[in-house]
Amino acid sequence: MSGVGGIPVLDADAIAAALSPSAAVDALEAALRGGLDPEVDPPRAAVGAEAGEVLLMPSSAPGAVGVKLVTVAPANPDRGHPRIQGVYVLFDPETLAPAALLDGIGLTDLRTSAVSALAVRHLATPSPPAPRRLLVFGTGAQGRAHVGALRAVCPDIARVDVVARDRGRLEAFVAWCAAEHRVEARIAGPEAVAGADLVVCATTAREPLFDGALVRDDATVVAIGSHEPEAREVDERLARRATVVVESRASATREAGDVIRAGLDPGGLVPLAALVRGEARPAAGRPRLFKSTGMAWEDLVVAAAVHEAAS
């Protein structure tokens with residue numbers, strides 16, 4: 001951990017060293033159980049730029065204040081640069097002086113996968129049998145982060161199937177899963193959803209990745225790849241028959257194409273906070289879908305936990 005003008009700076013490695021996926025899940029759960037209300041979180045602000053867009057995500061909660069600045073440049077991968085880059089500024093809650101700077105992408109990878117794992121903890125693990133077979137769409141940083149976070153809450157996962165378009169990245173991801181997590185890992189096609197206990201969609205797709213009718217009634221699907229009302233990774237066949245859990249109804253009806261394009265009734269969406277607090281339960285005999293758009297309160301909770309652990 002380095003510093004600028006006395007302010008600590010935590011890069012991606014420092015973030016990972018300070019807070020494990022399990023600890024991040026626990027911090028998010030504690031915040032929701034403690035009364036944090038995602039419905040009042042400010043909406044994400046986007047500013048267009050010549051190369052893409054700049055996203056602004058501020059949030060305030062008892063004992064914590066912060067803001068994430070993220071850029072999205074679609075052409076960057078072809079230039080050898082990350083598509084998404086950014087920084088998180090955490091402020092002292094009493095003086096509002098800058099307290100720490102965190103790598104925005106290291107933080108996003110940790111918090112996004114931890115939010116998914118929190119939802120899975122309450123959707124897929126309360127009843128036996130425990131999930132053993134995970135299917136991942138996408139071979140990027142979020143795909144890797146989700147394998148680790150989901151295995152933290154579902155330690156019985158013994159097989160990881162992976163679907164992606166780029167053969168080289170696909171083979172590398174499968175080899176990484178086998179070596180890093182000591183699981184059976186295989187290249188698969190979209191039809192593998194029929195045998196999966198857990199499915200993670202972590203792509204930039206704008207249309208459904210698979211036939212939702214193939215998803216088993218006892219399976220859990222996590223879709224995290226987009227926050228645009230026109231884009232979706234799952235189809236209406238899945239969304240309309242699943243128990244659909246969202247971070248907040250406001251953010252889902254504003255940004256979640258998987259929800260919006262399926263024409264779902266906002267009143268039927270289950271807020272993650274209600275699930276965590278035991279105020280709602282998934283319906284029996286139906287698949288579970290967690291649709292995440294990413295929210296500023298999540299970054300704040302995890303950034304504060306990272307800062308505390310690293311101090």
# chains A, B, ... in the order shown; residues from 1 in each chain; ligands from 1
>>> select_by_dssp(residues="stretch 3-194 of chain A", states="alpha helix (DSSP H)", output="ChimeraX atom specification")
/A:12-18,21-33,76-79,104-123,141-153,167-181
>>> residues_around(residues="stretch 265-282 of chain A", least_positions_apart="3", cutoff="6 Å", atoms="only C-alpha atoms", output="list in words")
Leu32, Arg33, Thr243, Val244, Val245, Val246, Glu247 and Ser248 of chain A
>>> atom_distance(atom1="atom CA of A:Pro229", atom2="atom CA of A:Thr253")
8.2 Å
>>> atom_distance(atom1="atom CA of A:Arg232", atom2="atom CA of A:Arg206")
5.2 Å
>>> closest_atom_pairs(of="stretch 61-99 of chain A", to="stretch 293-304 of chain A", cutoff="8 Å", atoms="only C-alpha atoms", output="Markdown table")
| residue | atom | partner | partner_atom | distance |
| --- | --- | --- | --- | --- |
| A:Ala61 | CA | A:Trp297 | CA | 7.7 |
| A:Ala64 | CA | A:Ala304 | CA | 6.7 |
| A:Val65 | CA | A:Leu300 | CA | 6.9 |
| A:Gly66 | CA | A:Leu300 | CA | 5.9 |
| A:Val67 | CA | A:Leu300 | CA | 7.5 |
| A:Lys68 | CA | A:Ala296 | CA | 7.5 |
| A:Tyr88 | CA | A:Ala303 | CA | 8.0 |
| A:Leu90 | CA | A:Ala303 | CA | 7.2 |
>>> write_last_selection(atoms="all heavy atoms", output="mmCIF file, in the first residue's frame")
data_model
loop_
_atom_site.group_PDB
_atom_site.id
_atom_site.type_symbol
_atom_site.label_atom_id
_atom_site.label_comp_id
_atom_site.auth_asym_id
_atom_site.auth_seq_id
_atom_site.Cartn_x
_atom_site.Cartn_y
_atom_site.Cartn_z
ATOM 1 N N ALA A 61 -23.496 6.384 3.866
ATOM 2 C CA ALA A 61 -24.156 5.503 4.830
ATOM 3 C C ALA A 61 -23.601 5.834 6.206
ATOM 4 O O ALA A 61 -22.579 6.533 6.314
ATOM 5 C CB ALA A 61 -23.895 4.031 4.485
ATOM 6 N N ALA A 64 -19.708 6.096 6.791
ATOM 7 C CA ALA A 64 -18.937 5.959 5.561
ATOM 8 C C ALA A 64 -19.481 6.870 4.467
ATOM 9 O O ALA A 64 -20.695 7.043 4.332
ATOM 10 C CB ALA A 64 -18.953 4.514 5.079
ATOM 11 N N VAL A 65 -18.558 7.452 3.682
ATOM 12 C CA VAL A 65 -18.912 8.280 2.535
ATOM 13 C C VAL A 65 -17.874 8.021 1.448
ATOM 14 O O VAL A 65 -16.674 7.950 1.737
ATOM 15 C CB VAL A 65 -18.908 9.786 2.868
ATOM 16 C CG1 VAL A 65 -19.333 10.606 1.656
ATOM 17 C CG2 VAL A 65 -19.795 10.089 4.058
ATOM 18 N N GLY A 66 -18.319 7.885 0.198
ATOM 19 C CA GLY A 66 -17.354 7.657 -0.867
ATOM 20 C C GLY A 66 -17.957 7.822 -2.237
ATOM 21 O O GLY A 66 -19.172 7.963 -2.395
ATOM 22 N N VAL A 67 -17.103 7.796 -3.261
ATOM 23 C CA VAL A 67 -17.562 7.926 -4.636
ATOM 24 C C VAL A 67 -16.627 7.131 -5.549
ATOM 25 O O VAL A 67 -15.407 7.118 -5.349
ATOM 26 C CB VAL A 67 -17.610 9.408 -5.078
ATOM 27 C CG1 VAL A 67 -16.237 10.061 -4.982
ATOM 28 C CG2 VAL A 67 -18.180 9.535 -6.483
ATOM 29 N N LYS A 68 -17.217 6.472 -6.523
ATOM 30 C CA LYS A 68 -16.423 5.755 -7.524
ATOM 31 C C LYS A 68 -16.518 6.477 -8.858
ATOM 32 O O LYS A 68 -17.601 6.885 -9.287
ATOM 33 C CB LYS A 68 -16.899 4.307 -7.682
ATOM 34 C CG LYS A 68 -16.017 3.501 -8.633
ATOM 35 C CD LYS A 68 -16.262 2.007 -8.543
ATOM 36 C CE LYS A 68 -17.575 1.612 -9.169
ATOM 37 N NZ LYS A 68 -17.730 0.138 -9.215
ATOM 38 N N TYR A 88 -11.576 4.775 -6.700
ATOM 39 C CA TYR A 88 -12.568 5.003 -5.647
ATOM 40 C C TYR A 88 -11.956 5.934 -4.607
ATOM 41 O O TYR A 88 -10.811 5.731 -4.178
ATOM 42 C CB TYR A 88 -12.999 3.696 -4.976
ATOM 43 C CG TYR A 88 -14.246 3.882 -4.135
ATOM 44 C CD1 TYR A 88 -15.497 3.718 -4.705
ATOM 45 C CD2 TYR A 88 -14.180 4.265 -2.806
ATOM 46 C CE1 TYR A 88 -16.659 3.934 -3.969
ATOM 47 C CE2 TYR A 88 -15.323 4.486 -2.063
ATOM 48 C CZ TYR A 88 -16.566 4.319 -2.655
ATOM 49 O OH TYR A 88 -17.712 4.538 -1.921
ATOM 50 N N LEU A 90 -12.542 7.258 -0.838
ATOM 51 C CA LEU A 90 -13.232 7.081 0.437
ATOM 52 C C LEU A 90 -12.925 8.289 1.314
ATOM 53 O O LEU A 90 -11.767 8.708 1.417
ATOM 54 C CB LEU A 90 -12.758 5.797 1.127
ATOM 55 C CG LEU A 90 -13.490 5.370 2.390
ATOM 56 C CD1 LEU A 90 -14.919 4.937 2.066
ATOM 57 C CD2 LEU A 90 -12.735 4.214 3.064
#
>>> residues_around(residues="A:Asp103", least_positions_apart="3", cutoff="9 Å", atoms="only C-alpha atoms", output="PyMOL selection string")
chain A and resi 9-12+15+85-88+106-108
>>> write_last_selection(atoms="N, CA and C atoms", output="mmCIF file, in the first residue's frame")
data_model
loop_
_atom_site.group_PDB
_atom_site.id
_atom_site.type_symbol
_atom_site.label_atom_id
_atom_site.label_comp_id
_atom_site.auth_asym_id
_atom_site.auth_seq_id
_atom_site.Cartn_x
_atom_site.Cartn_y
_atom_site.Cartn_z
ATOM 1 N N VAL A 9 -3.069 4.704 -0.652
ATOM 2 C CA VAL A 9 -3.539 4.272 -1.968
ATOM 3 C C VAL A 9 -3.442 2.756 -2.027
ATOM 4 N N LEU A 10 -4.555 2.104 -2.278
ATOM 5 C CA LEU A 10 -4.592 0.648 -2.328
ATOM 6 C C LEU A 10 -4.824 0.197 -3.760
ATOM 7 N N ASP A 11 -3.852 -0.514 -4.314
ATOM 8 C CA ASP A 11 -4.031 -1.053 -5.658
ATOM 9 C C ASP A 11 -4.813 -2.366 -5.577
ATOM 10 N N ALA A 12 -5.011 -3.017 -6.720
ATOM 11 C CA ALA A 12 -5.825 -4.225 -6.758
ATOM 12 C C ALA A 12 -5.244 -5.323 -5.865
ATOM 13 N N ILE A 15 -5.977 -4.529 -2.240
ATOM 14 C CA ILE A 15 -7.393 -4.768 -1.933
ATOM 15 C C ILE A 15 -7.634 -6.254 -1.698
ATOM 16 N N GLN A 85 -11.863 1.196 -16.405
ATOM 17 C CA GLN A 85 -10.823 1.667 -15.497
ATOM 18 C C GLN A 85 -11.460 2.644 -14.516
ATOM 19 N N GLY A 86 -10.785 2.882 -13.387
ATOM 20 C CA GLY A 86 -11.373 3.830 -12.461
ATOM 21 C C GLY A 86 -10.663 3.910 -11.127
ATOM 22 N N VAL A 87 -11.228 4.739 -10.255
ATOM 23 C CA VAL A 87 -10.667 4.965 -8.931
ATOM 24 C C VAL A 87 -11.809 5.172 -7.943
ATOM 25 N N TYR A 88 -11.576 4.775 -6.700
ATOM 26 C CA TYR A 88 -12.568 5.003 -5.647
ATOM 27 C C TYR A 88 -11.956 5.934 -4.607
ATOM 28 N N GLY A 106 -10.177 -3.149 -9.121
ATOM 29 C CA GLY A 106 -9.962 -4.161 -8.081
ATOM 30 C C GLY A 106 -11.119 -4.187 -7.101
ATOM 31 N N LEU A 107 -11.610 -2.995 -6.743
ATOM 32 C CA LEU A 107 -12.758 -2.896 -5.851
ATOM 33 C C LEU A 107 -14.022 -3.442 -6.516
ATOM 34 N N THR A 108 -14.242 -3.080 -7.778
ATOM 35 C CA THR A 108 -15.443 -3.531 -8.480
ATOM 36 C C THR A 108 -15.471 -5.045 -8.631
#
>>> atom_distance(atom1="atom CA of A:Val221", atom2="atom CA of A:Met57")
25.9 Å
>>> closest_residue(among="A:Gly257, A:Gly148, A:Gly212, A:Gly34", to="A:Glu228", atoms="only C-alpha atoms")
A:Gly257
>>> closest_residue(among="A:Ala124, A:Val215, A:Val199, A:Val25", to="A:Gly143", atoms="only C-alpha atoms")
A:Val199
>>> select_by_dssp(residues="stretch 21-218 of chain A", states="strand (DSSP E)", output="number ranges by chain")
A: 45-49, 52-61, 64-72, 84-91, 98-103, 133-137, 159-163, 184-187, 198-201
>>> closest_residue(among="A:Arg133, A:Arg254, A:Arg144, A:Arg286", to="A:Arg240", atoms="only C-alpha atoms")
A:Arg286
>>> residues_around(residues="A:Glu207", least_positions_apart="5", cutoff="9 Å", atoms="only C-alpha atoms", output="list in words")
Glu230, Ala231, Arg232, Glu233, Val234 and Asp235 of chain A
>>> closest_residue(among="A:Ala99, A:His122, A:Glu50, A:Thr139", to="A:Thr204", atoms="only C-alpha atoms")
A:Thr139
>>> residues_around(residues="A:Val120", least_positions_apart="5", cutoff="8 Å", atoms="only C-alpha atoms", output="ChimeraX atom specification")
/A:125,150,153,220
>>> write_last_selection(atoms="all heavy atoms", output="mmCIF file, in the first residue's frame")
data_model
loop_
_atom_site.group_PDB
_atom_site.id
_atom_site.type_symbol
_atom_site.label_atom_id
_atom_site.label_comp_id
_atom_site.auth_asym_id
_atom_site.auth_seq_id
_atom_site.Cartn_x
_atom_site.Cartn_y
_atom_site.Cartn_z
ATOM 1 N N THR A 125 -28.100 -22.087 -1.234
ATOM 2 C CA THR A 125 -27.509 -22.950 -0.198
ATOM 3 C C THR A 125 -28.417 -23.304 0.971
ATOM 4 O O THR A 125 -28.066 -24.208 1.736
ATOM 5 C CB THR A 125 -26.221 -22.300 0.367
ATOM 6 O OG1 THR A 125 -26.558 -21.058 1.003
ATOM 7 C CG2 THR A 125 -25.216 -22.041 -0.741
ATOM 8 N N LEU A 150 -18.018 -17.521 -5.361
ATOM 9 C CA LEU A 150 -19.066 -18.532 -5.231
ATOM 10 C C LEU A 150 -18.551 -19.795 -4.560
ATOM 11 O O LEU A 150 -19.278 -20.445 -3.794
ATOM 12 C CB LEU A 150 -19.659 -18.854 -6.604
ATOM 13 C CG LEU A 150 -20.469 -17.719 -7.230
ATOM 14 C CD1 LEU A 150 -20.985 -18.117 -8.601
ATOM 15 C CD2 LEU A 150 -21.635 -17.317 -6.332
ATOM 16 N N VAL A 153 -18.790 -19.410 -0.760
ATOM 17 C CA VAL A 153 -20.083 -19.655 -0.105
ATOM 18 C C VAL A 153 -20.659 -21.014 -0.470
ATOM 19 O O VAL A 153 -21.569 -21.501 0.208
ATOM 20 C CB VAL A 153 -21.110 -18.550 -0.435
ATOM 21 C CG1 VAL A 153 -20.631 -17.203 0.075
ATOM 22 C CG2 VAL A 153 -21.406 -18.482 -1.925
ATOM 23 N N THR A 220 -29.912 -21.836 -9.798
ATOM 24 C CA THR A 220 -29.782 -20.402 -9.523
ATOM 25 C C THR A 220 -28.929 -19.769 -10.610
ATOM 26 O O THR A 220 -27.853 -20.270 -10.930
ATOM 27 C CB THR A 220 -29.141 -20.162 -8.148
ATOM 28 O OG1 THR A 220 -29.964 -20.730 -7.133
ATOM 29 C CG2 THR A 220 -28.975 -18.674 -7.879
#
>>> closest_residue(among="A:Val306, A:Ala130, A:Ala283, A:Ile157", to="A:Pro21", atoms="only C-alpha atoms")
A:Val306
